[in-house]
file protein.pdb (PDB, C-alpha atoms and all ligand atoms)
ATOM      1  CA  MET A 925       0.231  -4.654  -2.545  1.00  0.00           C
ATOM      2  CA  ILE A 926       0.736  -8.330  -1.676  1.00  0.00           C
ATOM      3  CA  PRO A 927       4.088  -9.677  -2.945  1.00  0.00           C
ATOM      4  CA  MET A 928       3.642 -13.143  -4.386  1.00  0.00           C
ATOM      5  CA  THR A 929       7.055 -14.258  -3.129  1.00  0.00           C
ATOM      6  CA  MET A 930       5.950 -14.403   0.508  1.00  0.00           C
ATOM      7  CA  GLU A 931       6.511 -17.554   2.492  1.00  0.00           C
ATOM      8  CA  PRO A 932       3.341 -18.773   4.225  1.00  0.00           C
ATOM      9  CA  MET A 933       3.222 -17.995   7.927  1.00  0.00           C
ATOM     10  CA  ASN A 934       4.276 -20.713  10.316  1.00  0.00           C
ATOM     11  CA  MET A 935       1.174 -22.876  10.552  1.00  0.00           C
ATOM     12  CA  ALA A 936       2.507 -24.905  13.487  1.00  0.00           C
ATOM     13  CA  THR A 937       2.772 -21.970  15.881  1.00  0.00           C
ATOM     14  CA  THR A 938      -0.229 -19.960  14.754  1.00  0.00           C
ATOM     15  CA  ASP A 939      -2.734 -22.453  13.421  1.00  0.00           C
ATOM     16  CA  MET A 940      -3.759 -19.997  10.688  1.00  0.00           C
ATOM     17  CA  THR A 941      -5.857 -22.581   8.883  1.00  0.00           C
ATOM     18  CA  MET A 942      -7.658 -21.363   5.791  1.00  0.00           C
ATOM     19  CA  VAL A 943     -10.917 -23.157   6.569  1.00  0.00           C
ATOM     20  CA  ASN A 944     -13.915 -20.812   6.508  1.00  0.00           C
ATOM     21  CA  MET A 945     -11.712 -17.729   6.276  1.00  0.00           C
ATOM     22  CA  THR A 946     -13.080 -16.419   3.024  1.00  0.00           C
ATOM     23  CA  ALA A 947     -16.204 -15.020   4.656  1.00  0.00           C
ATOM     24  CA  VAL A 948     -14.233 -12.965   7.166  1.00  0.00           C
ATOM     25  CA  LYS A 949     -13.673  -9.374   6.072  1.00  0.00           C
ATOM     26  CA  ILE A 950     -10.957  -7.428   7.842  1.00  0.00           C
ATOM     27  CA  LEU A 951      -9.994  -3.782   7.450  1.00  0.00           C
ATOM     28  CA  VAL A 952      -6.432  -2.641   8.172  1.00  0.00           C
ATOM     29  CA  LEU A 953      -5.364   0.956   8.595  1.00  0.00           C
ATOM     30  CA  ALA A 954      -2.411   2.807  10.040  1.00  0.00           C
ATOM     31  CA  GLY A 955      -2.468   6.032  12.024  1.00  0.00           C
ATOM     32  CA  SER A 956       0.502   7.574  10.219  1.00  0.00           C
ATOM     33  CA  LEU A 957       0.936   9.126   6.800  1.00  0.00           C
ATOM     34  CA  ARG A 958       4.729   9.407   7.027  1.00  0.00           C
ATOM     35  CA  ARG A 959       6.789   8.078   4.146  1.00  0.00           C
ATOM     36  CA  GLY A 960       8.619   5.083   5.548  1.00  0.00           C
ATOM     37  CA  SER A 961       6.280   4.947   8.546  1.00  0.00           C
ATOM     38  CA  TYR A 962       6.993   1.976  10.808  1.00  0.00           C
ATOM     39  CA  ASN A 963       3.306   1.689  11.588  1.00  0.00           C
ATOM     40  CA  ARG A 964       2.421   1.576   7.923  1.00  0.00           C
ATOM     41  CA  GLN A 965       5.045  -1.146   7.522  1.00  0.00           C
ATOM     42  CA  LEU A 966       3.472  -3.082  10.370  1.00  0.00           C
ATOM     43  CA  ALA A 967       0.013  -2.633   8.841  1.00  0.00           C
ATOM     44  CA  GLY A 968       1.392  -3.902   5.529  1.00  0.00           C
ATOM     45  CA  ALA A 969       2.966  -6.937   7.188  1.00  0.00           C
ATOM     46  CA  ALA A 970      -0.365  -7.672   8.899  1.00  0.00           C
ATOM     47  CA  ALA A 971      -2.281  -7.324   5.635  1.00  0.00           C
ATOM     48  CA  ARG A 972       0.037  -9.804   3.931  1.00  0.00           C
ATOM     49  CA  GLU A 973      -0.376 -12.338   6.730  1.00  0.00           C
ATOM     50  CA  LEU A 974      -4.147 -11.977   6.668  1.00  0.00           C
ATOM     51  CA  ALA A 975      -4.274 -12.395   2.899  1.00  0.00           C
ATOM     52  CA  LEU A 976      -2.141 -15.527   3.138  1.00  0.00           C
ATOM     53  CA  ALA A 977      -4.593 -16.878   5.702  1.00  0.00           C
ATOM     54  CA  GLY A 978      -7.402 -16.458   3.165  1.00  0.00           C
ATOM     55  CA  VAL A 979      -9.071 -13.497   4.823  1.00  0.00           C
ATOM     56  CA  ASP A 980     -10.897 -10.956   2.659  1.00  0.00           C
ATOM     57  CA  ILE A 981      -8.654  -8.014   3.455  1.00  0.00           C
ATOM     58  CA  THR A 982      -8.993  -4.298   2.754  1.00  0.00           C
ATOM     59  CA  GLU A 983      -6.033  -2.038   3.506  1.00  0.00           C
ATOM     60  CA  ILE A 984      -6.759   1.667   3.421  1.00  0.00           C
ATOM     61  CA  SER A 985      -4.693   4.781   4.015  1.00  0.00           C
ATOM     62  CA  LEU A 986      -5.995   7.753   5.947  1.00  0.00           C
ATOM     63  CA  ALA A 987      -4.260   9.823   3.250  1.00  0.00           C
ATOM     64  CA  ASP A 988      -7.301   8.994   1.125  1.00  0.00           C
ATOM     65  CA  PHE A 989      -9.642  10.318   3.822  1.00  0.00           C
ATOM     66  CA  PRO A 990      -8.345  13.796   4.661  1.00  0.00           C
ATOM     67  CA  LEU A 991     -10.536  15.285   7.377  1.00  0.00           C
ATOM     68  CA  PRO A 992     -10.483  18.651   9.123  1.00  0.00           C
ATOM     69  CA  ILE A 993      -9.738  18.681  12.833  1.00  0.00           C
ATOM     70  CA  TYR A 994     -13.059  17.973  14.518  1.00  0.00           C
ATOM     71  CA  ASP A 995     -14.893  21.181  15.381  1.00  0.00           C
ATOM     72  CA  ALA A 996     -18.484  21.126  16.622  1.00  0.00           C
ATOM     73  CA  ASP A 997     -19.175  24.499  14.950  1.00  0.00           C
ATOM     74  CA  LEU A 998     -18.000  23.079  11.634  1.00  0.00           C
ATOM     75  CA  GLU A 999     -20.221  20.050  12.110  1.00  0.00           C
ATOM     76  CA  ALA A1000     -23.192  22.280  12.985  1.00  0.00           C
ATOM     77  CA  GLN A1001     -22.627  24.378   9.858  1.00  0.00           C
ATOM     78  CA  SER A1002     -21.702  21.741   7.297  1.00  0.00           C
ATOM     79  CA  GLY A1003     -22.538  18.391   8.848  1.00  0.00           C
ATOM     80  CA  VAL A1004     -20.172  15.451   8.901  1.00  0.00           C
ATOM     81  CA  PRO A1005     -17.680  15.497   5.986  1.00  0.00           C
ATOM     82  CA  ALA A1006     -18.460  13.065   3.166  1.00  0.00           C
ATOM     83  CA  LEU A1007     -15.111  11.340   3.723  1.00  0.00           C
ATOM     84  CA  ALA A1008     -15.980  10.673   7.363  1.00  0.00           C
ATOM     85  CA  LEU A1009     -19.184   9.030   6.173  1.00  0.00           C
ATOM     86  CA  GLN A1010     -17.183   6.930   3.702  1.00  0.00           C
ATOM     87  CA  LEU A1011     -14.745   5.921   6.408  1.00  0.00           C
ATOM     88  CA  LYS A1012     -17.589   4.962   8.707  1.00  0.00           C
ATOM     89  CA  ARG A1013     -19.107   2.842   5.930  1.00  0.00           C
ATOM     90  CA  GLN A1014     -15.739   1.124   5.454  1.00  0.00           C
ATOM     91  CA  PHE A1015     -15.844   0.175   9.136  1.00  0.00           C
ATOM     92  CA  MET A1016     -19.446  -1.044   8.756  1.00  0.00           C
ATOM     93  CA  ILE A1017     -18.695  -3.533   5.963  1.00  0.00           C
ATOM     94  CA  HIS A1018     -15.947  -5.358   7.858  1.00  0.00           C
ATOM     95  CA  HIS A1019     -16.157  -7.910  10.671  1.00  0.00           C
ATOM     96  CA  GLY A1020     -12.754  -7.059  12.077  1.00  0.00           C
ATOM     97  CA  ILE A1021     -10.632  -3.907  12.109  1.00  0.00           C
ATOM     98  CA  LEU A1022      -6.911  -3.724  12.814  1.00  0.00           C
ATOM     99  CA  LEU A1023      -5.735  -0.257  13.841  1.00  0.00           C
ATOM    100  CA  VAL A1024      -1.975   0.300  13.843  1.00  0.00           C
ATOM    101  CA  SER A1025      -1.100   3.525  15.597  1.00  0.00           C
ATOM    102  CA  PRO A1026       2.076   5.432  16.402  1.00  0.00           C
ATOM    103  CA  GLU A1027       2.482   6.607  19.977  1.00  0.00           C
ATOM    104  CA  TYR A1028       2.642  10.355  20.418  1.00  0.00           C
ATOM    105  CA  ASN A1029       3.388  11.541  23.942  1.00  0.00           C
ATOM    106  CA  ALA A1030       2.054   8.281  25.365  1.00  0.00           C
ATOM    107  CA  SER A1031      -1.189   8.559  23.421  1.00  0.00           C
ATOM    108  CA  VAL A1032      -2.886   7.935  20.076  1.00  0.00           C
ATOM    109  CA  SER A1033      -1.711   9.668  16.909  1.00  0.00           C
ATOM    110  CA  PRO A1034      -3.824  12.782  16.299  1.00  0.00           C
ATOM    111  CA  LEU A1035      -4.516  11.563  12.761  1.00  0.00           C
ATOM    112  CA  LEU A1036      -6.174   8.391  13.994  1.00  0.00           C
ATOM    113  CA  LYS A1037      -7.908  10.036  16.952  1.00  0.00           C
ATOM    114  CA  ASN A1038      -9.416  12.671  14.687  1.00  0.00           C
ATOM    115  CA  ALA A1039     -10.666  10.012  12.275  1.00  0.00           C
ATOM    116  CA  ILE A1040     -12.228   8.083  15.166  1.00  0.00           C
ATOM    117  CA  ASP A1041     -13.832  11.271  16.515  1.00  0.00           C
ATOM    118  CA  TRP A1042     -15.435  12.037  13.149  1.00  0.00           C
ATOM    119  CA  ILE A1043     -16.576   8.439  12.642  1.00  0.00           C
ATOM    120  CA  SER A1044     -18.140   8.520  16.100  1.00  0.00           C
ATOM    121  CA  ARG A1045     -20.312  11.423  14.922  1.00  0.00           C
ATOM    122  CA  VAL A1046     -21.829   9.489  11.993  1.00  0.00           C
ATOM    123  CA  ARG A1047     -25.244   7.988  12.579  1.00  0.00           C
ATOM    124  CA  GLU A1048     -27.333   7.137   9.548  1.00  0.00           C
ATOM    125  CA  ARG A1049     -31.083   6.721   9.506  1.00  0.00           C
ATOM    126  CA  GLY A1050     -32.337   4.118  11.972  1.00  0.00           C
ATOM    127  CA  GLU A1051     -28.920   3.372  13.432  1.00  0.00           C
ATOM    128  CA  ASP A1052     -28.126   3.142  17.118  1.00  0.00           C
ATOM    129  CA  PRO A1053     -25.405   5.479  18.424  1.00  0.00           C
ATOM    130  CA  LEU A1054     -21.801   4.659  17.448  1.00  0.00           C
ATOM    131  CA  PRO A1055     -22.783   2.090  14.816  1.00  0.00           C
ATOM    132  CA  ALA A1056     -19.297   1.797  13.325  1.00  0.00           C
ATOM    133  CA  PHE A1057     -17.943   0.460  16.605  1.00  0.00           C
ATOM    134  CA  SER A1058     -20.541  -2.192  17.394  1.00  0.00           C
ATOM    135  CA  GLY A1059     -21.142  -5.444  15.583  1.00  0.00           C
ATOM    136  CA  ARG A1060     -17.443  -5.831  14.749  1.00  0.00           C
ATOM    137  CA  VAL A1061     -14.212  -6.479  16.611  1.00  0.00           C
ATOM    138  CA  PHE A1062     -11.014  -4.479  16.835  1.00  0.00           C
ATOM    139  CA  ALA A1063      -7.362  -5.375  17.287  1.00  0.00           C
ATOM    140  CA  LEU A1064      -4.472  -3.013  17.909  1.00  0.00           C
ATOM    141  CA  GLY A1065      -0.881  -2.721  16.822  1.00  0.00           C
ATOM    142  CA  ALA A1066       1.924  -0.198  17.185  1.00  0.00           C
ATOM    143  CA  ALA A1067       5.525   0.275  16.181  1.00  0.00           C
ATOM    144  CA  SER A1068       7.972   2.723  17.700  1.00  0.00           C
ATOM    145  CA  PRO A1069      11.717   3.313  17.633  1.00  0.00           C
ATOM    146  CA  GLY A1070      11.456   3.345  21.439  1.00  0.00           C
ATOM    147  CA  LYS A1071      11.780   0.353  23.749  1.00  0.00           C
ATOM    148  CA  PHE A1072       8.076   0.095  24.636  1.00  0.00           C
ATOM    149  CA  GLY A1073       6.980  -0.265  21.023  1.00  0.00           C
ATOM    150  CA  GLY A1074       4.117   2.189  21.383  1.00  0.00           C
ATOM    151  CA  MET A1075       2.399   0.165  24.105  1.00  0.00           C
ATOM    152  CA  ARG A1076       1.296   3.246  26.082  1.00  0.00           C
ATOM    153  CA  GLY A1077      -0.341   4.646  22.977  1.00  0.00           C
ATOM    154  CA  LEU A1078      -2.282   1.416  22.607  1.00  0.00           C
ATOM    155  CA  MET A1079      -3.527   1.696  26.200  1.00  0.00           C
ATOM    156  CA  ALA A1080      -4.929   5.090  25.266  1.00  0.00           C
ATOM    157  CA  LEU A1081      -6.373   3.781  22.001  1.00  0.00           C
ATOM    158  CA  ARG A1082      -8.004   0.868  23.807  1.00  0.00           C
ATOM    159  CA  GLN A1083      -9.632   3.333  26.201  1.00  0.00           C
ATOM    160  CA  VAL A1084     -10.895   5.510  23.348  1.00  0.00           C
ATOM    161  CA  LEU A1085     -12.424   2.523  21.577  1.00  0.00           C
ATOM    162  CA  GLU A1086     -13.805   0.602  24.549  1.00  0.00           C
ATOM    163  CA  LEU A1087     -14.857   3.359  26.936  1.00  0.00           C
ATOM    164  CA  GLY A1088     -15.447   6.112  24.412  1.00  0.00           C
ATOM    165  CA  CYS A1089     -16.996   4.206  21.549  1.00  0.00           C
ATOM    166  CA  GLY A1090     -18.264   0.992  23.166  1.00  0.00           C
ATOM    167  CA  ALA A1091     -16.124  -1.140  20.868  1.00  0.00           C
ATOM    168  CA  SER A1092     -14.990  -4.668  21.507  1.00  0.00           C
ATOM    169  CA  VAL A1093     -11.175  -4.842  21.406  1.00  0.00           C
ATOM    170  CA  ILE A1094      -9.447  -8.205  21.642  1.00  0.00           C
ATOM    171  CA  PRO A1095      -6.851  -8.568  24.422  1.00  0.00           C
ATOM    172  CA  GLN A1096      -4.039  -9.635  22.094  1.00  0.00           C
ATOM    173  CA  GLN A1097      -2.041  -6.797  20.575  1.00  0.00           C
ATOM    174  CA  VAL A1098       1.255  -6.350  18.777  1.00  0.00           C
ATOM    175  CA  THR A1099       3.907  -3.805  19.720  1.00  0.00           C
ATOM    176  CA  VAL A1100       7.145  -3.579  17.772  1.00  0.00           C
ATOM    177  CA  ALA A1101       9.965  -1.911  19.720  1.00  0.00           C
ATOM    178  CA  PHE A1102      13.123  -0.481  18.108  1.00  0.00           C
ATOM    179  CA  ALA A1103      11.070  -0.285  14.937  1.00  0.00           C
ATOM    180  CA  ASP A1104      13.809   1.545  13.048  1.00  0.00           C
ATOM    181  CA  ARG A1105      15.627  -1.814  12.944  1.00  0.00           C
ATOM    182  CA  ALA A1106      12.645  -4.160  13.036  1.00  0.00           C
ATOM    183  CA  PHE A1107      11.773  -4.448   9.339  1.00  0.00           C
ATOM    184  CA  ASP A1108      13.870  -5.790   6.499  1.00  0.00           C
ATOM    185  CA  GLU A1109      14.009  -4.152   3.082  1.00  0.00           C
ATOM    186  CA  THR A1110      10.879  -6.030   1.958  1.00  0.00           C
ATOM    187  CA  GLY A1111       8.880  -4.825   4.981  1.00  0.00           C
ATOM    188  CA  HIS A1112       8.955  -8.121   6.863  1.00  0.00           C
ATOM    189  CA  LEU A1113       9.608  -8.312  10.595  1.00  0.00           C
ATOM    190  CA  ARG A1114      13.147  -9.493  11.246  1.00  0.00           C
ATOM    191  CA  ASP A1115      12.612 -10.771  14.789  1.00  0.00           C
ATOM    192  CA  GLU A1116      10.638 -14.008  15.125  1.00  0.00           C
ATOM    193  CA  ARG A1117       9.210 -12.821  18.468  1.00  0.00           C
ATOM    194  CA  ASP A1118       7.698  -9.763  16.785  1.00  0.00           C
ATOM    195  CA  ALA A1119       6.385 -11.902  13.930  1.00  0.00           C
ATOM    196  CA  ALA A1120       4.880 -14.389  16.396  1.00  0.00           C
ATOM    197  CA  GLN A1121       3.189 -11.586  18.354  1.00  0.00           C
ATOM    198  CA  LEU A1122       1.722 -10.282  15.110  1.00  0.00           C
ATOM    199  CA  ARG A1123       0.418 -13.727  14.148  1.00  0.00           C
ATOM    200  CA  LEU A1124      -1.070 -14.230  17.615  1.00  0.00           C
ATOM    201  CA  THR A1125      -2.905 -10.918  17.368  1.00  0.00           C
ATOM    202  CA  LEU A1126      -4.187 -11.672  13.879  1.00  0.00           C
ATOM    203  CA  ARG A1127      -5.275 -15.152  14.962  1.00  0.00           C
ATOM    204  CA  GLY A1128      -7.245 -13.575  17.825  1.00  0.00           C
ATOM    205  CA  LEU A1129      -8.814 -11.057  15.467  1.00  0.00           C
ATOM    206  CA  ILE A1130      -9.827 -13.711  12.929  1.00  0.00           C
ATOM    207  CA  ASP A1131     -11.306 -15.933  15.657  1.00  0.00           C
ATOM    208  CA  ALA A1132     -13.261 -13.054  17.171  1.00  0.00           C
ATOM    209  CA  ALA A1133     -14.459 -11.914  13.744  1.00  0.00           C
ATOM    210  CA  GLN A1134     -15.593 -15.422  12.850  1.00  0.00           C
ATOM    211  CA  ARG A1135     -17.695 -15.540  15.993  1.00  0.00           C
ATOM    212  CA  ILE A1136     -19.757 -12.567  14.810  1.00  0.00           C
ATOM    213  CA  LEU A1137     -20.286 -13.795  11.233  1.00  0.00           C
TER     214      LEU A1137
HETATM  215  C1  LIG B1201       5.152  14.612  18.873  1.00  0.00           C
HETATM  216  C2  LIG B1201       5.777  13.261  18.991  1.00  0.00           C
HETATM  217  C3  LIG B1201       5.624  12.554  20.147  1.00  0.00           C
HETATM  218  C4  LIG B1201       6.166  11.267  20.269  1.00  0.00           C
HETATM  219  N1  LIG B1201       5.954  10.572  21.418  1.00  0.00           N
HETATM  220  C5  LIG B1201       6.379   9.292  21.492  1.00  0.00           C
HETATM  221  C6  LIG B1201       6.058   8.488  22.631  1.00  0.00           C
HETATM  222  O1  LIG B1201       5.416   8.908  23.563  1.00  0.00           O
HETATM  223  N2  LIG B1201       6.472   7.205  22.638  1.00  0.00           N
HETATM  224  C7  LIG B1201       7.181   6.667  21.595  1.00  0.00           C
HETATM  225  O2  LIG B1201       7.516   5.475  21.653  1.00  0.00           O
HETATM  226  N3  LIG B1201       7.502   7.396  20.499  1.00  0.00           N
HETATM  227  C8  LIG B1201       7.115   8.688  20.420  1.00  0.00           C
HETATM  228  N4  LIG B1201       7.402   9.435  19.323  1.00  0.00           N
HETATM  229  C9  LIG B1201       8.217   8.842  18.254  1.00  0.00           C
HETATM  230  C10 LIG B1201       7.358   8.078  17.263  1.00  0.00           C
HETATM  231  O3  LIG B1201       7.153   6.788  17.774  1.00  0.00           O
HETATM  232  C11 LIG B1201       8.117   8.011  15.928  1.00  0.00           C
HETATM  233  O4  LIG B1201       8.189   9.315  15.368  1.00  0.00           O
HETATM  234  C12 LIG B1201       7.473   7.052  14.972  1.00  0.00           C
HETATM  235  O5  LIG B1201       8.354   6.857  13.875  1.00  0.00           O
HETATM  236  C13 LIG B1201       6.133   7.531  14.470  1.00  0.00           C
HETATM  237  O6  LIG B1201       5.461   6.500  13.781  1.00  0.00           O
HETATM  238  P1  LIG B1201       5.591   6.262  12.199  1.00  0.00           P
HETATM  239  O7  LIG B1201       6.987   5.765  11.946  1.00  0.00           O
HETATM  240  O8  LIG B1201       4.573   5.220  11.899  1.00  0.00           O
HETATM  241  O9  LIG B1201       5.313   7.553  11.483  1.00  0.00           O
HETATM  242  C14 LIG B1201       6.895  10.715  19.185  1.00  0.00           C
HETATM  243  C15 LIG B1201       7.038  11.452  18.005  1.00  0.00           C
HETATM  244  C16 LIG B1201       6.496  12.701  17.902  1.00  0.00           C
HETATM  245  C17 LIG B1201       6.654  13.479  16.612  1.00  0.00           C
END
call {"tool": "encode", "arguments": {"input": "protein.pdb", "output": "structure tokens", "more": "lines below"}}
Ligand SMILES: Cc1cc2nc3c(=O)[nH]c(=O)nc-3n(C[C@H](O)[C@H](O)[C@H](O)COP(=O)(O)O)c2cc1C
result
Amino acid sequence: MIPMTMEPMNMATTDMTMVNMTAVKILVLAGSLRRGSYNRQLAGAAARELALAGVDITEISLADFPLPIYDADLEAQSGVPALALQLKRQFMIHHGILLVSPEYNASVSPLLKNAIDWISRVRERGEDPLPAFSGRVFALGAASPGKFGGMRGLMALRQVLELGCGASVIPQQVTVAFADRAFDETGHLRDERDAAQLRLTLRGLIDAAQRIL
């Protein structure tokens, strides 16, 4: 939900002008289902900023797309689950996708990796391989109670997307360290440096998405 009491983001430092933004469609999703998840909070903060910038924003939860752990035997027997197809179609109708993932043992959350693996198996009639990952741009974010803010997990996620799926991932990314203290009670980032890094990443995502309109 987008609270109406939000202050607009700092236009001077981010140049988040609203010109031509309405055509840009951006999908935001977090790789955690945990109640009180820091990554979900970061995804929510990003969604609010994007909405304020005039972007057509869709925020989804992987809780609404429960998928079995990928198993090639299961796929051979039953095909790709309907929810994986729906998720893939969500990717297809957006120009930009922001993935916000926790870091687990220096890698991607299994929830997000499993979703990506299933999506990578969907190929509808006439489509080239990995259609959900081409023709759109990706940006990454992470939040962790640790001091690196989930940065190592994002290196792994970048590899999965770029090398594994052939996706285009913008160089800017946002990592929120000490995330247990980083958000206020309304879900906003307390530290201006974190907020600025988020805006920079979103600015890069919007610019890259506009280039493929
Ligand atoms: C199995 C496991 C491995 C973890 N590994 C890391 C790690 O490598 N780096 C890190 O910063 N945090 C690690 N954490 C801590 C997570 O960052 C922390 O649980 C975080 O709150 C998860 O994200 P969420 O708040 O969005 O659910 C790990 C947590 C678990 C359960």
call {"tool": "atom_distance", "arguments": {"input": "protein.pdb", "atom1": "atom O3 of ligand LIG 1201 (chain B)", "atom2": "CA of Ser1068 in chain A"}}
result
4.1 Å
call {"tool": "residues_near_ligand", "arguments": {"input": "protein.pdb", "ligand": "ligand LIG 1201 (chain B)", "cutoff": "6 Å", "atoms": "only C-alpha atoms and all ligand atoms", "output": "VMD selection string"}}
result
chain A and resid 956 958 961 to 964 1026 to 1030 1068 to 1070 1073 to 1074
call {"tool": "closest_residue", "arguments": {"input": "protein.pdb", "among": "A:Ala1056, A:Ser1031, A:Ser1092, A:Gly955", "to": "Gln1010 in chain A", "atoms": "all atoms listed in the file"}}
result
A:Ala1056
call {"tool": "residues_around", "arguments": {"input": "protein.pdb", "residues": "Val1098 in chain A", "least_positions_apart": "6", "cutoff": "7 Å", "atoms": "all atoms listed in the file", "output": "VMD selection string"}}
result
chain A and resid 1064 to 1066 1121 to 1122 1125
call {"tool": "resolve_selection", "arguments": {"input": "protein.pdb", "expression": "the PyMOL selection byres (((chain A and resi 1130) around 10) and not hetatm)", "output": "PDB file with C-alpha atoms, keeping the file's coordinate frame"}}
result
ATOM      1  CA  MET A 940      -3.759 -19.997  10.688  1.00  0.00           C
ATOM      2  CA  MET A 945     -11.712 -17.729   6.276  1.00  0.00           C
ATOM      3  CA  VAL A 948     -14.233 -12.965   7.166  1.00  0.00           C
ATOM      4  CA  LYS A 949     -13.673  -9.374   6.072  1.00  0.00           C
ATOM      5  CA  ILE A 950     -10.957  -7.428   7.842  1.00  0.00           C
ATOM      6  CA  LEU A 974      -4.147 -11.977   6.668  1.00  0.00           C
ATOM      7  CA  ALA A 977      -4.593 -16.878   5.702  1.00  0.00           C
ATOM      8  CA  VAL A 979      -9.071 -13.497   4.823  1.00  0.00           C
ATOM      9  CA  HIS A1019     -16.157  -7.910  10.671  1.00  0.00           C
ATOM     10  CA  GLY A1020     -12.754  -7.059  12.077  1.00  0.00           C
ATOM     11  CA  ILE A1021     -10.632  -3.907  12.109  1.00  0.00           C
ATOM     12  CA  VAL A1061     -14.212  -6.479  16.611  1.00  0.00           C
ATOM     13  CA  ALA A1063      -7.362  -5.375  17.287  1.00  0.00           C
ATOM     14  CA  LEU A1124      -1.070 -14.230  17.615  1.00  0.00           C
ATOM     15  CA  THR A1125      -2.905 -10.918  17.368  1.00  0.00           C
ATOM     16  CA  LEU A1126      -4.187 -11.672  13.879  1.00  0.00           C
ATOM     17  CA  ARG A1127      -5.275 -15.152  14.962  1.00  0.00           C
ATOM     18  CA  GLY A1128      -7.245 -13.575  17.825  1.00  0.00           C
ATOM     19  CA  LEU A1129      -8.814 -11.057  15.467  1.00  0.00           C
ATOM     20  CA  ASP A1131     -11.306 -15.933  15.657  1.00  0.00           C
ATOM     21  CA  ALA A1132     -13.261 -13.054  17.171  1.00  0.00           C
ATOM     22  CA  ALA A1133     -14.459 -11.914  13.744  1.00  0.00           C
ATOM     23  CA  GLN A1134     -15.593 -15.422  12.850  1.00  0.00           C
ATOM     24  CA  ARG A1135     -17.695 -15.540  15.993  1.00  0.00           C
TER      25      ARG A1135
END
call {"tool": "atom_distance", "arguments": {"input": "protein.pdb", "atom1": "CA of Tyr994 in chain A", "atom2": "CA of Arg1076 in chain A"}}
result
23.6 Å
call {"tool": "residues_near_point", "arguments": {"input": "protein.pdb", "point": "(-11.0, -7.0, 0.3)", "cutoff": "12 Å", "atoms": "only C-alpha atoms", "output": "list in words"}}
result
Met925, Ile926, Thr946, Ala947, Val948, Lys949, Ile950, Leu951, Val952, Ala971, Arg972, Leu974, Ala975, Gly978, Val979, Asp980, Ile981, Thr982, Glu983, Ile984, Gln1014, Ile1017, His1018, His1019 and Gly1020 of chain A
call {"tool": "write_last_selection", "arguments": {"input": "protein.pdb", "atoms": "C-alpha atoms", "output": "PDB file, keeping the file's coordinate frame"}}
result
ATOM      1  CA  MET A 925       0.231  -4.654  -2.545  1.00  0.00           C
ATOM      2  CA  ILE A 926       0.736  -8.330  -1.676  1.00  0.00           C
ATOM      3  CA  THR A 946     -13.080 -16.419   3.024  1.00  0.00           C
ATOM      4  CA  ALA A 947     -16.204 -15.020   4.656  1.00  0.00           C
ATOM      5  CA  VAL A 948     -14.233 -12.965   7.166  1.00  0.00           C
ATOM      6  CA  LYS A 949     -13.673  -9.374   6.072  1.00  0.00           C
ATOM      7  CA  ILE A 950     -10.957  -7.428   7.842  1.00  0.00           C
ATOM      8  CA  LEU A 951      -9.994  -3.782   7.450  1.00  0.00           C
ATOM      9  CA  VAL A 952      -6.432  -2.641   8.172  1.00  0.00           C
ATOM     10  CA  ALA A 971      -2.281  -7.324   5.635  1.00  0.00           C
ATOM     11  CA  ARG A 972       0.037  -9.804   3.931  1.00  0.00           C
ATOM     12  CA  LEU A 974      -4.147 -11.977   6.668  1.00  0.00           C
ATOM     13  CA  ALA A 975      -4.274 -12.395   2.899  1.00  0.00           C
ATOM     14  CA  GLY A 978      -7.402 -16.458   3.165  1.00  0.00           C
ATOM     15  CA  VAL A 979      -9.071 -13.497   4.823  1.00  0.00           C
ATOM     16  CA  ASP A 980     -10.897 -10.956   2.659  1.00  0.00           C
ATOM     17  CA  ILE A 981      -8.654  -8.014   3.455  1.00  0.00           C
ATOM     18  CA  THR A 982      -8.993  -4.298   2.754  1.00  0.00           C
ATOM     19  CA  GLU A 983      -6.033  -2.038   3.506  1.00  0.00           C
ATOM     20  CA  ILE A 984      -6.759   1.667   3.421  1.00  0.00           C
ATOM     21  CA  GLN A1014     -15.739   1.124   5.454  1.00  0.00           C
ATOM     22  CA  ILE A1017     -18.695  -3.533   5.963  1.00  0.00           C
ATOM     23  CA  HIS A1018     -15.947  -5.358   7.858  1.00  0.00           C
ATOM     24  CA  HIS A1019     -16.157  -7.910  10.671  1.00  0.00           C
ATOM     25  CA  GLY A1020     -12.754  -7.059  12.077  1.00  0.00           C
TER      26      GLY A1020
END
call {"tool": "atom_distance", "arguments": {"input": "protein.pdb", "atom1": "CA of Val1024 in chain A", "atom2": "CA of Gly1077 in chain A"}}
result
10.2 Å
call {"tool": "closest_residue", "arguments": {"input": "protein.pdb", "among": "A:Ala1000, A:Leu1054, A:Leu1036, A:Met1016", "to": "Ala987 in chain A", "atoms": "only C-alpha atoms"}}
result
A:Leu1036
call {"tool": "closest_residue", "arguments": {"input": "protein.pdb", "among": "A:Val1032, A:Ala1101, A:Leu1113, A:Ile1043", "to": "Val1084 in chain A", "atoms": "only C-alpha atoms"}}
result
A:Val1032
call {"tool": "residues_near_point", "arguments": {"input": "protein.pdb", "point": "(-7.1, 14.6, 5.8)", "cutoff": "12 Å", "atoms": "only C-alpha atoms", "output": "number ranges by chain"}}
result
A: 955-957, 985-994, 1005-1008, 1011, 1034-1036, 1038-1039, 1042
call {"tool": "closest_residue", "arguments": {"input": "protein.pdb", "among": "A:Leu1137, A:Leu1022, A:Leu1081, A:Ala996", "to": "Ala970 in chain A", "atoms": "all atoms listed in the file"}}
result
A:Leu1022
call {"tool": "closest_residue", "arguments": {"input": "protein.pdb", "among": "A:Gly1090, A:Arg1082, A:Ser1033, A:Asp1115", "to": "Gly1059 in chain A", "atoms": "all atoms listed in the file"}}
result
A:Gly1090
call {"tool": "closest_residue", "arguments": {"input": "protein.pdb", "among": "A:Leu966, A:Leu1078, A:Leu953, A:Leu1009", "to": "Asp1108 in chain A", "atoms": "only C-alpha atoms"}}
result
A:Leu966
call {"tool": "decode", "arguments": {"input": "protein.pdb", "residues": "range 972-976 of chain A", "atoms": "C-alpha atoms", "output": "short mmCIF file (atom, residue, chain, number, x, y, z; two decimals), in the first residue's frame"}}
result
data_model
loop_
_atom_site.label_atom_id
_atom_site.label_comp_id
_atom_site.auth_asym_id
_atom_site.auth_seq_id
_atom_site.Cartn_x
_atom_site.Cartn_y
_atom_site.Cartn_z
CA ARG A 972 6.68 4.02 -2.77
CA GLU A 973 9.53 5.96 -4.36
CA LEU A 974 8.69 4.61 -7.80
CA ALA A 975 5.02 5.46 -7.40
CA LEU A 976 5.92 9.00 -6.34
#
